$ cat target12.txt   # compact mmCIF, C-alpha atoms
# COMPACT_ATOMS: atom_id res chain seq x y z
CA MET F 1 76.60 40.73 -41.22
CA PHE F 2 76.78 39.05 -44.64
CA ILE F 3 74.45 36.10 -45.17
CA ASP F 4 75.31 33.56 -47.82
CA GLN F 5 71.89 33.41 -49.50
CA SER F 6 72.80 30.48 -51.73
CA SER F 7 73.76 28.43 -48.67
CA LEU F 8 70.57 29.50 -46.87
CA PHE F 9 68.50 28.51 -49.91
CA SER F 10 70.19 25.10 -50.10
CA GLU F 11 69.57 24.37 -46.42
CA ILE F 12 65.90 25.40 -46.59
CA LYS F 13 65.45 23.41 -49.81
CA GLY F 14 66.91 20.35 -48.10
CA ILE F 15 64.53 20.69 -45.14
CA ILE F 16 61.50 21.03 -47.44
CA LEU F 17 62.51 18.01 -49.55
CA GLN F 18 63.15 15.85 -46.48
CA SER F 19 59.78 16.89 -45.04
CA ARG F 20 58.00 16.01 -48.27
CA GLN F 21 59.72 12.64 -48.37
CA ARG F 22 58.55 11.91 -44.81
CA VAL F 23 54.99 12.87 -45.76
CA LEU F 24 55.13 10.61 -48.83
CA ARG F 25 56.50 7.69 -46.82
CA THR F 26 53.84 8.16 -44.15
CA ALA F 27 51.07 8.40 -46.76
CA ASN F 28 52.37 5.33 -48.58
CA SER F 29 52.53 3.32 -45.35
CA ALA F 30 48.97 4.35 -44.46
CA LEU F 31 47.71 3.40 -47.93
CA LEU F 32 49.38 -0.01 -47.79
CA GLU F 33 47.95 -0.69 -44.33
CA THR F 34 44.47 0.37 -45.48
CA TYR F 35 44.53 -1.94 -48.51
CA TRP F 36 46.05 -4.77 -46.46
CA GLN F 37 43.34 -4.46 -43.81
CA ILE F 38 40.61 -4.43 -46.48
CA GLY F 39 42.11 -7.52 -48.10
CA LYS F 40 42.25 -9.22 -44.69
CA LEU F 41 38.57 -8.50 -43.99
CA ILE F 42 37.55 -9.79 -47.42
CA ILE F 43 39.49 -13.02 -46.93
CA GLU F 44 38.11 -13.54 -43.43
CA ASP F 45 34.55 -12.90 -44.62
CA GLU F 46 35.07 -15.24 -47.56
CA GLN F 47 36.34 -18.01 -45.31
CA GLU F 48 33.17 -18.06 -43.25
CA GLY F 49 31.73 -20.86 -45.34
CA LYS F 50 31.07 -18.87 -48.50
CA GLU F 51 31.95 -20.36 -51.87
CA ARG F 52 34.64 -18.44 -53.77
CA ALA F 53 32.68 -18.24 -57.03
CA ASP F 54 29.55 -16.91 -55.37
CA TYR F 55 31.60 -14.48 -53.34
CA GLY F 56 33.36 -13.08 -56.39
CA LYS F 57 30.16 -12.66 -58.37
CA SER F 58 27.92 -11.07 -55.77
CA ILE F 59 29.34 -9.81 -52.48
CA LEU F 60 32.55 -8.34 -53.87
CA LYS F 61 30.65 -6.58 -56.64
CA ASN F 62 28.12 -5.13 -54.20
CA LEU F 63 30.88 -4.12 -51.82
CA ALA F 64 32.68 -2.30 -54.64
CA ASN F 65 29.51 -0.40 -55.53
CA TYR F 66 28.92 0.71 -51.93
CA LEU F 67 32.52 1.79 -51.37
CA THR F 68 32.71 3.66 -54.68
CA LEU F 69 29.52 5.58 -53.86
CA GLU F 70 30.91 6.46 -50.45
CA PHE F 71 34.60 7.12 -51.22
CA GLY F 72 34.93 7.51 -54.99
CA LYS F 73 37.65 5.93 -57.16
CA GLY F 74 40.02 3.27 -55.93
CA PHE F 75 37.51 0.75 -54.61
CA ASP F 76 36.14 -0.87 -57.73
CA GLU F 77 35.83 -4.65 -57.94
CA ARG F 78 39.18 -5.05 -59.69
CA ASN F 79 41.05 -3.12 -57.00
CA LEU F 80 39.28 -5.02 -54.23
CA ASN F 81 40.52 -8.22 -55.87
CA ASN F 82 44.01 -6.69 -55.87
CA MET F 83 43.69 -6.01 -52.13
CA ARG F 84 42.54 -9.57 -51.58
CA ALA F 85 45.56 -10.87 -53.52
CA PHE F 86 47.82 -8.46 -51.59
CA TYR F 87 46.78 -9.89 -48.23
CA THR F 88 46.96 -13.46 -49.53
CA ALA F 89 50.52 -12.96 -50.78
CA PHE F 90 51.68 -10.96 -47.74
CA PRO F 91 49.59 -12.08 -44.72
CA ILE F 92 51.99 -10.68 -42.09
CA TRP F 93 51.76 -6.89 -41.88
CA ASN F 94 54.98 -6.44 -39.90
CA ALA F 95 56.90 -8.23 -42.66
CA LEU F 96 55.89 -5.69 -45.30
CA ARG F 97 58.51 -3.27 -46.61
CA THR F 98 56.97 0.18 -46.82
CA GLU F 99 59.75 1.41 -49.11
CA LEU F 100 57.68 -0.12 -51.90
CA SER F 101 54.51 1.42 -53.28
CA TRP F 102 51.07 -0.06 -53.74
CA THR F 103 51.87 -0.50 -57.44
CA HIS F 104 54.95 -2.57 -56.53
CA TYR F 105 52.91 -4.79 -54.23
CA ARG F 106 50.12 -5.14 -56.77
CA LEU F 107 52.66 -6.56 -59.24
CA LEU F 108 54.31 -8.78 -56.62
CA SER F 109 50.96 -10.18 -55.50
CA ARG F 110 50.36 -11.64 -58.96
CA LEU F 111 53.46 -13.85 -58.87
CA ASN F 112 52.94 -17.57 -58.48
CA SER F 113 55.62 -18.44 -55.93
CA GLU F 114 56.94 -17.04 -52.66
CA GLU F 115 60.54 -17.50 -53.80
CA LYS F 116 59.91 -15.46 -56.93
CA SER F 117 58.02 -12.77 -55.01
CA ASN F 118 60.82 -12.47 -52.44
CA TYR F 119 63.42 -12.18 -55.19
CA TYR F 120 61.66 -9.30 -56.93
CA LEU F 121 60.81 -7.61 -53.62
CA ASN F 122 64.41 -7.70 -52.41
CA GLU F 123 65.82 -6.62 -55.76
CA SER F 124 63.32 -3.73 -55.95
CA ILE F 125 64.47 -2.44 -52.57
CA ARG F 126 68.18 -3.12 -53.10
CA ASN F 127 68.28 -1.46 -56.52
CA ASN F 128 65.58 1.17 -55.93
CA TRP F 129 63.49 -0.15 -58.83
CA SER F 130 60.53 1.91 -59.91
CA SER F 131 57.27 0.01 -60.44
CA ARG F 132 57.84 0.35 -64.18
CA THR F 133 61.29 -1.24 -63.87
CA LEU F 134 59.85 -4.01 -61.71
CA GLN F 135 57.24 -4.72 -64.39
CA ARG F 136 59.97 -5.00 -67.03
CA GLN F 137 62.04 -7.33 -64.86
CA ILE F 138 59.02 -9.59 -64.33
CA ASP F 139 58.09 -9.51 -68.03
CA SER F 140 61.66 -10.39 -69.03
CA LEU F 141 61.76 -13.33 -66.55
CA ALA F 142 64.73 -11.88 -64.68
CA PHE F 143 64.20 -14.34 -61.82
CA GLU F 144 64.35 -17.36 -64.10
CA ARG F 145 67.32 -16.04 -66.06
CA VAL F 146 69.41 -15.56 -62.92
CA LEU F 147 67.98 -18.36 -60.76
CA GLU F 148 68.80 -20.97 -63.39
CA HIS F 149 72.30 -20.69 -61.94
CA LYS F 150 71.36 -20.12 -58.30
CA ALA F 151 69.28 -23.27 -58.27
CA LEU F 152 72.38 -25.24 -59.20
CA GLU F 153 75.09 -23.35 -57.37
CA SER F 154 75.33 -23.32 -53.57
CA HIS F 155 77.63 -20.30 -53.25
CA PRO F 156 75.96 -16.94 -53.97
CA ASP F 157 79.08 -14.91 -54.80
CA THR F 158 80.04 -16.35 -58.15
CA ILE F 159 79.83 -14.86 -61.62
CA GLN F 160 77.37 -17.62 -62.60
CA ASN F 161 74.94 -16.33 -59.98
CA LEU F 162 75.17 -12.76 -61.23
CA MET F 163 75.01 -13.43 -64.96
CA LYS F 164 71.90 -13.87 -67.05
CA ASP F 165 71.40 -15.87 -70.19
CA PRO F 166 70.02 -14.57 -72.40
CA TYR F 167 70.36 -10.83 -71.85
CA ILE F 168 67.54 -8.71 -73.25
CA PHE F 169 68.56 -5.33 -74.66
CA GLU F 170 65.31 -4.09 -76.17
CA PHE F 171 65.93 -0.71 -74.49
CA LEU F 172 68.86 -0.05 -76.84
CA GLY F 173 66.31 0.80 -79.53
CA LEU F 174 68.16 -1.15 -82.23
CA ALA F 175 66.30 -3.01 -84.95
CA SER F 176 66.44 -6.77 -84.48
CA ASP F 177 65.69 -7.64 -88.12
CA VAL F 178 68.87 -6.05 -89.52
CA LYS F 179 72.53 -6.74 -88.89
CA ASN F 180 73.83 -4.19 -86.39
CA SER F 181 77.57 -3.61 -86.17
CA GLU F 182 79.44 -4.33 -82.95
CA ARG F 183 80.36 -0.65 -82.76
CA SER F 184 76.73 0.50 -83.04
CA ILE F 185 75.67 -1.91 -80.26
CA GLU F 186 78.57 -0.75 -78.11
CA THR F 187 77.67 2.91 -78.69
CA SER F 188 74.04 2.28 -77.83
CA ILE F 189 75.05 0.50 -74.61
CA ILE F 190 77.02 3.58 -73.55
CA ASP F 191 74.06 5.81 -74.45
CA HIS F 192 71.78 3.62 -72.29
CA LEU F 193 74.33 2.74 -69.62
CA GLN F 194 71.98 2.95 -66.64
CA GLN F 195 69.49 0.56 -68.23
CA PHE F 196 72.31 -1.72 -69.38
CA LEU F 197 73.72 -2.00 -65.85
CA LEU F 198 70.25 -2.73 -64.53
CA GLU F 199 69.83 -5.57 -67.02
CA PHE F 200 73.40 -6.79 -66.73
CA GLY F 201 73.21 -7.72 -63.08
CA LYS F 202 74.18 -6.78 -59.54
CA GLY F 203 77.35 -5.00 -58.50
CA PHE F 204 78.62 -3.81 -61.89
CA ALA F 205 80.25 -0.40 -62.33
CA PHE F 206 81.42 0.99 -65.67
CA VAL F 207 85.18 1.39 -66.13
CA ALA F 208 86.02 1.97 -69.79
CA ARG F 209 85.02 1.63 -73.42
CA GLN F 210 87.58 0.50 -76.01
CA GLN F 211 90.24 0.32 -73.31
CA HIS F 212 93.68 0.47 -74.86
CA ILE F 213 96.05 -2.30 -73.74
CA VAL F 214 99.67 -2.05 -74.85
CA THR F 215 102.06 -5.00 -74.81
CA ASP F 216 105.68 -5.19 -75.91
CA THR F 217 104.65 -6.03 -79.46
CA SER F 218 101.01 -5.08 -80.02
CA ASP F 219 98.07 -2.81 -79.20
CA PHE F 220 94.66 -4.15 -78.21
CA TYR F 221 91.28 -2.52 -77.58
CA ILE F 222 88.78 -4.17 -75.24
CA ASP F 223 85.15 -3.32 -76.07
CA LEU F 224 83.81 -2.74 -72.56
CA VAL F 225 85.30 -3.02 -69.08
CA PHE F 226 83.35 -3.13 -65.80
CA TYR F 227 84.25 -3.74 -62.19
CA ASN F 228 82.06 -5.89 -59.98
CA TYR F 229 82.25 -4.80 -56.34
CA ILE F 230 80.53 -7.99 -55.13
CA LEU F 231 83.08 -10.28 -56.76
CA LYS F 232 85.87 -7.67 -56.42
CA CYS F 233 87.14 -8.22 -59.94
CA PHE F 234 87.24 -6.66 -63.39
CA VAL F 235 84.78 -8.00 -65.95
CA ILE F 236 85.68 -7.47 -69.58
CA ILE F 237 83.12 -7.79 -72.35
CA ASP F 238 83.70 -8.61 -75.99
CA LEU F 239 80.70 -7.92 -78.23
CA LYS F 240 80.07 -10.24 -81.16
CA THR F 241 77.44 -10.24 -83.87
CA GLY F 242 76.67 -13.45 -85.70
CA SER F 243 77.77 -16.93 -84.71
CA LEU F 244 80.31 -17.54 -81.97
CA SER F 245 83.68 -18.81 -83.25
CA HIS F 246 86.79 -20.44 -81.77
CA GLN F 247 88.68 -17.27 -82.67
CA ASP F 248 86.28 -15.21 -80.54
CA ILE F 249 86.80 -17.52 -77.57
CA GLY F 250 90.58 -17.48 -77.99
CA GLN F 251 90.53 -13.69 -78.11
CA ILE F 252 88.53 -13.20 -74.91
CA ASP F 253 90.71 -15.80 -73.16
CA MET F 254 93.79 -13.84 -74.21
CA TYR F 255 92.22 -10.56 -73.04
CA VAL F 256 91.54 -12.06 -69.60
CA ARG F 257 95.13 -13.26 -69.22
CA MET F 258 96.42 -9.92 -70.45
CA TYR F 259 94.22 -7.93 -68.09
CA ASP F 260 95.31 -10.04 -65.12
CA ASP F 261 98.92 -9.42 -66.01
CA LEU F 262 98.77 -5.70 -66.86
CA LYS F 263 95.79 -4.16 -65.05
CA LYS F 264 94.66 -6.25 -62.07
CA SER F 265 95.98 -5.20 -58.67
CA GLU F 266 96.95 -7.61 -55.89
CA SER F 267 93.70 -6.89 -54.04
CA ASP F 268 91.53 -7.79 -57.06
CA GLN F 269 90.20 -11.25 -57.75
CA PRO F 270 91.02 -12.80 -61.18
CA THR F 271 89.51 -11.06 -64.18
CA ILE F 272 86.40 -12.51 -65.83
CA GLY F 273 85.67 -12.36 -69.55
CA ILE F 274 82.20 -12.48 -71.07
CA LEU F 275 81.44 -12.94 -74.73
CA LEU F 276 78.14 -11.28 -75.54
CA CYS F 277 77.00 -12.81 -78.79
CA SER F 278 73.85 -12.64 -80.89
CA GLU F 279 74.11 -16.37 -81.70
CA LYS F 280 75.64 -19.09 -79.52
CA ASP F 281 76.83 -22.29 -81.17
CA GLU F 282 76.49 -24.95 -78.47
CA THR F 283 78.93 -27.30 -80.19
CA ILE F 284 81.67 -24.68 -80.03
CA VAL F 285 80.77 -23.92 -76.42
CA LYS F 286 80.92 -27.63 -75.52
CA TYR F 287 84.31 -28.29 -77.11
CA SER F 288 86.13 -25.10 -76.10
CA VAL F 289 87.59 -23.58 -72.94
CA LEU F 290 84.08 -22.26 -72.20
CA ALA F 291 83.12 -25.77 -71.09
CA ASP F 292 85.52 -25.91 -68.15
CA LYS F 293 87.21 -22.56 -67.67
CA LYS F 294 85.90 -20.52 -64.71
CA SER F 295 87.07 -17.15 -66.02
CA VAL F 296 85.52 -17.07 -69.52
CA PHE F 297 81.81 -17.24 -70.33
CA ALA F 298 79.44 -16.71 -73.22
CA SER F 299 75.90 -15.32 -73.05
CA GLN F 300 73.44 -14.62 -75.81
CA TYR F 301 71.82 -11.22 -76.14
CA LEU F 302 68.51 -10.31 -77.77
CA LEU F 303 67.70 -6.85 -79.15
CA TYR F 304 63.97 -7.38 -78.62
CA MET F 305 61.63 -8.56 -75.88
CA PRO F 306 60.65 -12.10 -76.90
CA LYS F 307 57.30 -13.72 -76.24
CA GLU F 308 57.12 -15.31 -72.80
CA GLU F 309 56.87 -18.85 -74.15
CA ASP F 310 59.92 -18.34 -76.41
CA LEU F 311 61.96 -16.89 -73.56
CA LYS F 312 60.97 -19.76 -71.26
CA ALA F 313 62.11 -22.24 -73.92
CA LEU F 314 65.50 -20.51 -74.19
CA ILE F 315 65.93 -20.56 -70.41
CA GLU F 316 64.89 -24.21 -70.13
CA ASN F 317 67.37 -25.26 -72.81
CA ASP F 318 70.14 -23.37 -71.03
CA ILE F 319 69.27 -25.00 -67.68
CA GLN F 320 69.44 -28.46 -69.27
CA ARG F 321 72.85 -27.71 -70.77
CA PHE F 322 74.06 -26.38 -67.43
CA GLU F 323 72.89 -29.52 -65.60
CA LEU F 324 74.58 -31.81 -68.14
CA LYS F 325 77.81 -29.85 -67.84
CA ASN F 326 77.81 -30.14 -64.02
CA LYS F 327 77.13 -33.90 -64.09
CA LYS F 328 80.39 -34.54 -65.90

$ encode --input "target12.txt" --output "structure tokens"
Amino acid sequence: MFIDQSSLFSEIKGIILQSRQRVLRTANSALLETYWQIGKLIIEDEQEGKERADYGKSILKNLANYLTLEFGKGFDERNLNNMRAFYTAFPIWNALRTELSWTHYRLLSRLNSEEKSNYYLNESIRNNWSSRTLQRQIDSLAFERVLEHKALESHPDTIQNLMKDPYIFEFLGLASDVKNSERSIETSIIDHLQQFLLEFGKGFAFVARQQHIVTDTSDFYIDLVFYNYILKCFVIIDLKTGSLSHQDIGQIDMYVRMYDDLKKSESDQPTIGILLCSEKDETIVKYSVLADKKSVFASQYLLYMPKEEDLKALIENDIQRFELKNKK
């Protein structure tokens, strides 16, 4: 009897990989529970009338020395402090998500609010973020850049709640101190599409680059086209270098109308257009269709990772503009 060896190999390979995954998940769960229990004991011992400063200087240091002598690496004073912070941030063991690693939880435990921690935890699980990706999202203030809209909008399924401003594209590897062409930025986005989609937001799937649109009289090429399965609509992107102009806004508005007429199906929601620009003139934004149109938006992009204080200032300015706009 003939045996399909390639099929046999594939089946055995699948069993081995699944088994290894179960072992890894079990080991990860055991490690998290161990560190959580240690953090719990430290907190409980600390709360028995001991002063925090004295505790940190003496008992924790001595404890680290004893544990390191007995068990080796992994129990130094710094890691014991991490375990303490872990339990403090996540005091209910049954609420922990064991899909995440100790490194994930170590990063989450350092955050200064429960809302922020929950955001990054849920996004890590939903998008299968590695700990390295989680670190980048925290460093780039992803929570603040998205939540500036969520804090002001009650409905979660809107483009405002999925967009960020500014976007940070340091992963494109383009120099920020020279003038890059729109084509070179577009090409680099395609070359780094996975990272771009991760930065761009939830629910986006790539559709086309330089999509050709033909009308009765003219030909047009749209830089980038995506589909958002959360909003159930096409999202077209026009890349701009330099200052935003009225002509740019008129063009993206025309593209949106054109796409609705020629490409959108009856089951799709209305098309959304986003101008990604390196500089955003707020006067032009204020006195253009961007101020009141719900289908056309502008967001700034940066080709470098700014300092935290500079990024916070950009976000704060954008929040203030958003609040003023919604008071009108």

$ residues_around --input "target12.txt" --residues "F:Asn28" --least-positions-apart "5" --cutoff "9 Å" --atoms "only C-alpha atoms" --output "list in words"
Val23, Glu33, Thr98, Glu99, Leu100, Ser101 and Trp102 of chain F

$ atom_distance --input "target12.txt" --atom1 "atom CA of F:Ala89" --atom2 "atom CA of F:Glu123"
17.3 Å

$ closest_residue --input "target12.txt" --among "F:Lys40, F:Arg209, F:Arg106, F:Arg25" --to "F:Asp238" --atoms "all atoms listed in the file"
F:Arg209

$ closest_residue --input "target12.txt" --among "F:Thr187, F:Thr215, F:Ser29, F:Ser176" --to "F:Asp261" --atoms "all atoms listed in the file"
F:Thr215

$ atom_distance --input "target12.txt" --atom1 "atom CA of F:Val225" --atom2 "atom CA of F:Ala205"
8.8 Å

$ closest_residue --input "target12.txt" --among "F:Ile237, F:Leu108, F:Ile92, F:Ile38" --to "F:Leu80" --atoms "all atoms listed in the file"
F:Ile38

$ atom_distance --input "target12.txt" --atom1 "atom CA of F:Leu239" --atom2 "atom CA of F:Ile274"
8.6 Å
